[in-house]
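**Q** Below is one structure. I have some questions about it.
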Amino acid sequence: MPTGKKTLSVYVILASLLVLVIVTCVSLGAVSVPFDKVLRVIAGKLLWLDAGAGVEKSHELIVWNIRLPRVLLAATIGGGLSIVGAVMQAMFRNPLAEPGILGWSSGGAFFAVLAIYTGIYQQWFLLLPLVAFAGTLLTAYAVYGISRYRGFVENTTLLLCGVALGTLFVSLTTFVLSVSNAWSMKEMLFWIMGGVDSRTWTHFGMAAVPVLAASVILLFYAKNLNARLLGYETAKTVGIDIEKTTKHLIVLSSLIVGASVAVSGIVGFVGLIIPHSVRLLIGVDHRRLLPASFIAGAIFLPLADLIARTVMSPQELRLGIITSLIGVPFFVFLLRRNFSGRGIA
Amino acid sequence: MQKEKQSVKISSLSYSVNGKTILADASFEVEKNKFLGIVGPNGAGKSTLLRLLTRILSPTGGRILLDGEDLFRYEAKELYKKIAFLPQTSYFDFPLSVLEVVLTGRYPYLGIFESESDEDIKRAENCLSLVDMEGFSQRKVTTLSGGEQQRVSVARVLAQETDFIFLDEPSSHLDIHHKFALMELLRSLARKGKGIAAVLHDLDLASRFCDSILVLEGGRTTALGEPSQVFSEKLLSSVFKVRGSWDTQSGNLLVLR
């Protein structure tokens, strides 16, 4: 590719930033742990070295048991939601498509809440993300099916239908929570304005396995997504099986969204902010856009979470509030830009 | 496999949706070395016909043979190495570069994780120069005019390097110079061995450049043959509601109101 060198340097910069951000976010917080101690604890745990020797037990606890799983989880779902955003925007040829806006996240969250309050999630650690996946998939198909007419997806219908179904599932979630326990207000807040607070290694495992697996598989569809940008007929006549691969793309994307929502509730707008910013940086070709969006999302969400837990310390803000505060102006900007007919990004 | 004549042979092709017939009993052949113009009033079924020929739609009756084999027996990638399609509308809402758009024409030749080779890029650049767009390869398609975008789409179709090319109103959006240039290009491609079929609205252009003309009216084939035979005064007035005649000096069709 003609822009190979630039792409490579973007990857190198993004990857270095990711490492830096993860270490920083583990280091900072209500109790700050110095960089070197963070690195020593991580090295000690991962490499079974005695690098961690000499670090206070409390610091080790903060780094390894509290912050690292939280930061890594934020990175994972940030990456996952971003790659899904990029995929959805190409798949529907709609710059405003995003798991939150199209109602997918709300559908997944509702099913996750059902799984928790019926207790079935205790059967197996991947059952919760799988149930949330089922809910996401159901919502995704409903929105897609309703807005499809004679093979074409109508853009306005798609967005409106997503918003409507999203609102429905938020209402249903609120209903289930309000009849099922005394802590319903706090729980509602968790699911509707998502976050990664008090998440453990188990939560990380639940999300990371499906998110990483599905993200890697999505990379195989990069050229498919490029062709889709030129419209149904062009994509079809350069050999893309639209009907079949749309199913693949919806299932893989739902898996990522479901797994994310199951452990962190609804974190909106990430899938909008990141892919559009990355397009400005390295262009539209999905062979570059998808991996770069994943890394950029993995940088963005831990930082947003850092803001959420430090800006009003000792009180923590919900992560979903931070992403909405950044995302809504971005959404409005994209909307205005579209009206002016200047295209996307 | 026995050596069949390379052509797209259409027999008794029909298409109806919800009981409404869009195309009825069409039979003709798109041959290599020939430039076929498909004309007809709005709603005559021209676009539907092209969508059937490119397997975007499935016919409700009749069959299409590509090089002697049923069109629907082909694997998608194999099929679209043989036929390419320029749709009526191309979408350029995302800022792909011109080169990236043209390179999608190489996708039928690439494996799932395979990227375009330098050879592919060279071919794409070459196709851009055929449509008078050299030097544009790094421009964003979103910044081009409608006519320039249309020429990029034509380059994409050419990059597919197929035996047969189907085009739906390829000269719309083009200025008069590029209209002629495109028609000349299509004719020269036919002379070099490709089979071309294009839906055209401009009867004058069609009569000058096409080897044969297919007239559709209300989903039915009204006439098929050489332009000079097809475009009779009688047909022009009955099908197109215009007066027209052949200028004996220039040999061109003159269409009047």
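Letters A, B, ... go to the chains of the structure tokens in the order shown; residues in each chain start at 1; ligands are counted from 1 in the same order.
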Given a cut-off of 9 Å, which residues of chain A touch chain B, counting only C-alpha atoms, written out as a count of residues only?

**A** 34

**Q** Looking only at the backbone, which of the residues in range 48-221 of chain B does DSSP tag as strand (DSSP E or B), as a PyMOL selection string?

**A** chain B and resi 61-66+69-70+83-86+97+140+164-168+195-199+212-217+220-221

**Q** Residues within 9 Å of range 257-263 of chain A, please, as a ChimeraX atom specification. Count only C-alpha atoms; anything in the same chain fewer than 6 positions from it doesn't count.

**A** /A:73,76-78,80-81,84,99,104-109,111-113,126,128-137,191,194-196,199,203-204,206-211

**Q** If we count only C-alpha atoms and set the cut-off at 7 Å, which residues sit around range 225-242 of chain B, ignoring sequence neighbours fewer than 2 positions away in its own chain? Please answer as a list in words.

**A**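 Listed by chain and then number, they are Pro41, Ser207, Asp211, Ser212, Ile213, Leu214, Glu217, Ala223, Gly244, Ser245, Leu256 and Arg257 of chain B.
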
**Q** With C-alpha atoms retained, write the just-selected residues as a PDB file, in the first residue's frame.

**A**
ATOM      1  CA  PRO B  41     -38.626   4.916 -21.838  1.00  0.00           C
ATOM      2  CA  SER B 207     -27.096   5.270 -32.580  1.00  0.00           C
ATOM      3  CA  ASP B 211     -23.275  -2.043 -32.833  1.00  0.00           C
ATOM      4  CA  SER B 212     -26.787  -3.072 -31.967  1.00  0.00           C
ATOM      5  CA  ILE B 213     -29.733  -1.719 -30.070  1.00  0.00           C
ATOM      6  CA  LEU B 214     -32.243  -3.439 -27.838  1.00  0.00           C
ATOM      7  CA  GLU B 217     -41.001  -0.976 -23.650  1.00  0.00           C
ATOM      8  CA  ALA B 223     -36.930  -4.219 -31.331  1.00  0.00           C
ATOM      9  CA  GLY B 244     -36.578  11.734 -35.542  1.00  0.00           C
ATOM     10  CA  SER B 245     -34.892  10.909 -38.790  1.00  0.00           C
ATOM     11  CA  LEU B 256     -36.389  16.291 -32.597  1.00  0.00           C
ATOM     12  CA  ARG B 257     -39.165  16.929 -30.252  1.00  0.00           C
TER      13      ARG B 257
END

**Q** I need the residues in range 194-231 of chain B that are helix (DSSP H, G or I) according to DSSP; give them as a list of chain:residue names.

**A**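 Checking each residue of range 194-231 of chain B, the helix (DSSP H, G or I) ones are B:Leu203, B:Asp204, B:Leu205, B:Ala206, B:Ser207, B:Arg208, B:Phe209, B:Pro227, B:Ser228, B:Gln229, B:Val230.
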
**Q** Mind writing the picked residues with N, CA and C atoms as a compact mmCIF listing (two decimals), in the first residue's frame?

**A**
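Output contents, as saved in selection-v7.txt:
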# COMPACT_ATOMS: atom_id res chain seq x y z
N LEU B 203 -30.46 8.72 -27.33
CA LEU B 203 -30.62 7.88 -28.52
C LEU B 203 -29.61 8.23 -29.58
N ASP B 204 -29.29 9.51 -29.65
CA ASP B 204 -28.32 9.99 -30.62
C ASP B 204 -26.95 9.34 -30.39
N LEU B 205 -26.50 9.35 -29.11
CA LEU B 205 -25.22 8.72 -28.78
C LEU B 205 -25.28 7.22 -29.04
N ALA B 206 -26.38 6.60 -28.64
CA ALA B 206 -26.53 5.16 -28.82
C ALA B 206 -26.42 4.80 -30.30
N SER B 207 -27.09 5.60 -31.15
CA SER B 207 -27.10 5.27 -32.58
C SER B 207 -25.71 5.44 -33.19
N ARG B 208 -24.92 6.35 -32.64
CA ARG B 208 -23.59 6.58 -33.22
C ARG B 208 -22.57 5.53 -32.82
N PHE B 209 -22.67 5.03 -31.57
CA PHE B 209 -21.58 4.22 -31.05
C PHE B 209 -21.90 2.73 -30.92
N PRO B 227 -28.57 -0.09 -35.27
CA PRO B 227 -29.22 1.19 -34.99
C PRO B 227 -30.03 1.71 -36.19
N SER B 228 -29.46 1.60 -37.39
CA SER B 228 -30.14 2.19 -38.54
C SER B 228 -31.46 1.49 -38.84
N GLN B 229 -31.54 0.20 -38.48
CA GLN B 229 -32.80 -0.50 -38.68
C GLN B 229 -33.79 -0.25 -37.55
N VAL B 230 -33.24 -0.21 -36.33
CA VAL B 230 -34.12 -0.11 -35.16
C VAL B 230 -34.77 1.27 -35.06

**Q** Which is closest to Ala15 in chain A among A:Tyr144, A:Phe330, A:Phe294, A:Phe169, if we use only C-alpha atoms?

**A**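 That would be A:Phe294, the residue with the smallest distance to Ala15 in chain A.
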
**Q** Quick one: pull the distance between CA of Gln150 in chain B and CA of Thr162 in chain B, Å, one decimal.

**A**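 About the pair CA of Gln150 in chain B and CA of Thr162 in chain B: they are 18.8 Å apart.
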
**Q** Extract, using only C-alpha atoms, all DNA, RNA and protein residues at most 12 Å from Asn126 in chain B, discarding same-chain residues fewer than 3 positions from it, and format them as a VMD selection string.

**A** chain B and resid 99 102 to 103 119 to 123 129 to 137 152 155 to 156 158 to 159 161

**Q** Could you dump the residues just selected with N, CA and C atoms as a PDB file, in the first residue's frame?

**A**
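The resulting file, again.pdb, is reproduced below:
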ATOM      1  N   LEU B  99      -7.626   5.835  -5.725  1.00  0.00           N
ATOM      2  CA  LEU B  99      -6.950   4.565  -5.971  1.00  0.00           C
ATOM      3  C   LEU B  99      -7.628   3.428  -5.207  1.00  0.00           C
ATOM      4  N   VAL B 102     -10.719   2.339  -7.080  1.00  0.00           N
ATOM      5  CA  VAL B 102     -10.442   1.580  -8.297  1.00  0.00           C
ATOM      6  C   VAL B 102      -9.930   0.184  -7.946  1.00  0.00           C
ATOM      7  N   LEU B 103      -9.159   0.102  -6.860  1.00  0.00           N
ATOM      8  CA  LEU B 103      -8.603  -1.196  -6.470  1.00  0.00           C
ATOM      9  C   LEU B 103      -9.667  -2.192  -6.010  1.00  0.00           C
ATOM     10  N   GLU B 119       1.525  -4.748  -9.070  1.00  0.00           N
ATOM     11  CA  GLU B 119       0.943  -4.981 -10.383  1.00  0.00           C
ATOM     12  C   GLU B 119      -0.533  -4.515 -10.406  1.00  0.00           C
ATOM     13  N   ASP B 120      -1.265  -4.843  -9.344  1.00  0.00           N
ATOM     14  CA  ASP B 120      -2.667  -4.402  -9.247  1.00  0.00           C
ATOM     15  C   ASP B 120      -2.746  -2.876  -9.252  1.00  0.00           C
ATOM     16  N   ILE B 121      -1.845  -2.250  -8.496  1.00  0.00           N
ATOM     17  CA  ILE B 121      -1.858  -0.797  -8.416  1.00  0.00           C
ATOM     18  C   ILE B 121      -1.552  -0.190  -9.782  1.00  0.00           C
ATOM     19  N   LYS B 122      -0.613  -0.822 -10.503  1.00  0.00           N
ATOM     20  CA  LYS B 122      -0.257  -0.326 -11.833  1.00  0.00           C
ATOM     21  C   LYS B 122      -1.456  -0.419 -12.780  1.00  0.00           C
ATOM     22  N   ARG B 123      -2.151  -1.548 -12.691  1.00  0.00           N
ATOM     23  CA  ARG B 123      -3.344  -1.714 -13.536  1.00  0.00           C
ATOM     24  C   ARG B 123      -4.398  -0.679 -13.205  1.00  0.00           C
ATOM     25  N   SER B 129      -6.052   6.363 -16.194  1.00  0.00           N
ATOM     26  CA  SER B 129      -5.650   7.186 -17.329  1.00  0.00           C
ATOM     27  C   SER B 129      -6.582   6.961 -18.517  1.00  0.00           C
ATOM     28  N   LEU B 130      -7.181   5.753 -18.607  1.00  0.00           N
ATOM     29  CA  LEU B 130      -8.141   5.493 -19.690  1.00  0.00           C
ATOM     30  C   LEU B 130      -9.377   6.389 -19.582  1.00  0.00           C
ATOM     31  N   VAL B 131      -9.718   6.795 -18.350  1.00  0.00           N
ATOM     32  CA  VAL B 131     -10.885   7.664 -18.184  1.00  0.00           C
ATOM     33  C   VAL B 131     -10.467   9.108 -17.921  1.00  0.00           C
ATOM     34  N   ASP B 132      -9.219   9.414 -18.268  1.00  0.00           N
ATOM     35  CA  ASP B 132      -8.757  10.801 -18.177  1.00  0.00           C
ATOM     36  C   ASP B 132      -8.690  11.292 -16.727  1.00  0.00           C
ATOM     37  N   MET B 133      -8.264  10.380 -15.841  1.00  0.00           N
ATOM     38  CA  MET B 133      -8.197  10.749 -14.424  1.00  0.00           C
ATOM     39  C   MET B 133      -6.806  10.460 -13.849  1.00  0.00           C
ATOM     40  N   GLU B 134      -5.778  10.455 -14.698  1.00  0.00           N
ATOM     41  CA  GLU B 134      -4.456  10.189 -14.140  1.00  0.00           C
ATOM     42  C   GLU B 134      -4.055  11.354 -13.246  1.00  0.00           C
ATOM     43  N   GLY B 135      -3.298  11.035 -12.224  1.00  0.00           N
ATOM     44  CA  GLY B 135      -2.879  12.060 -11.287  1.00  0.00           C
ATOM     45  C   GLY B 135      -3.860  12.265 -10.149  1.00  0.00           C
ATOM     46  N   PHE B 136      -5.017  11.576 -10.225  1.00  0.00           N
ATOM     47  CA  PHE B 136      -6.030  11.761  -9.191  1.00  0.00           C
ATOM     48  C   PHE B 136      -5.978  10.680  -8.114  1.00  0.00           C
ATOM     49  N   SER B 137      -5.046   9.720  -8.232  1.00  0.00           N
ATOM     50  CA  SER B 137      -5.197   8.506  -7.428  1.00  0.00           C
ATOM     51  C   SER B 137      -5.178   8.744  -5.928  1.00  0.00           C
ATOM     52  N   VAL B 152     -14.299   7.677 -12.122  1.00  0.00           N
ATOM     53  CA  VAL B 152     -13.603   6.777 -11.203  1.00  0.00           C
ATOM     54  C   VAL B 152     -14.326   5.427 -11.155  1.00  0.00           C
ATOM     55  N   ALA B 155     -13.445   3.496 -14.132  1.00  0.00           N
ATOM     56  CA  ALA B 155     -12.100   2.935 -13.967  1.00  0.00           C
ATOM     57  C   ALA B 155     -12.141   1.695 -13.081  1.00  0.00           C
ATOM     58  N   ARG B 156     -12.962   1.737 -12.050  1.00  0.00           N
ATOM     59  CA  ARG B 156     -13.103   0.568 -11.163  1.00  0.00           C
ATOM     60  C   ARG B 156     -13.611  -0.635 -11.953  1.00  0.00           C
ATOM     61  N   LEU B 158     -13.310  -1.131 -15.157  1.00  0.00           N
ATOM     62  CA  LEU B 158     -12.265  -1.583 -16.084  1.00  0.00           C
ATOM     63  C   LEU B 158     -11.195  -2.387 -15.354  1.00  0.00           C
ATOM     64  N   ALA B 159     -10.896  -1.974 -14.106  1.00  0.00           N
ATOM     65  CA  ALA B 159      -9.854  -2.667 -13.333  1.00  0.00           C
ATOM     66  C   ALA B 159     -10.231  -4.111 -13.054  1.00  0.00           C
ATOM     67  N   GLU B 161     -11.175  -6.135 -15.214  1.00  0.00           N
ATOM     68  CA  GLU B 161     -10.665  -6.893 -16.357  1.00  0.00           C
ATOM     69  C   GLU B 161     -11.534  -8.092 -16.714  1.00  0.00           C
TER      70      GLU B 161
END
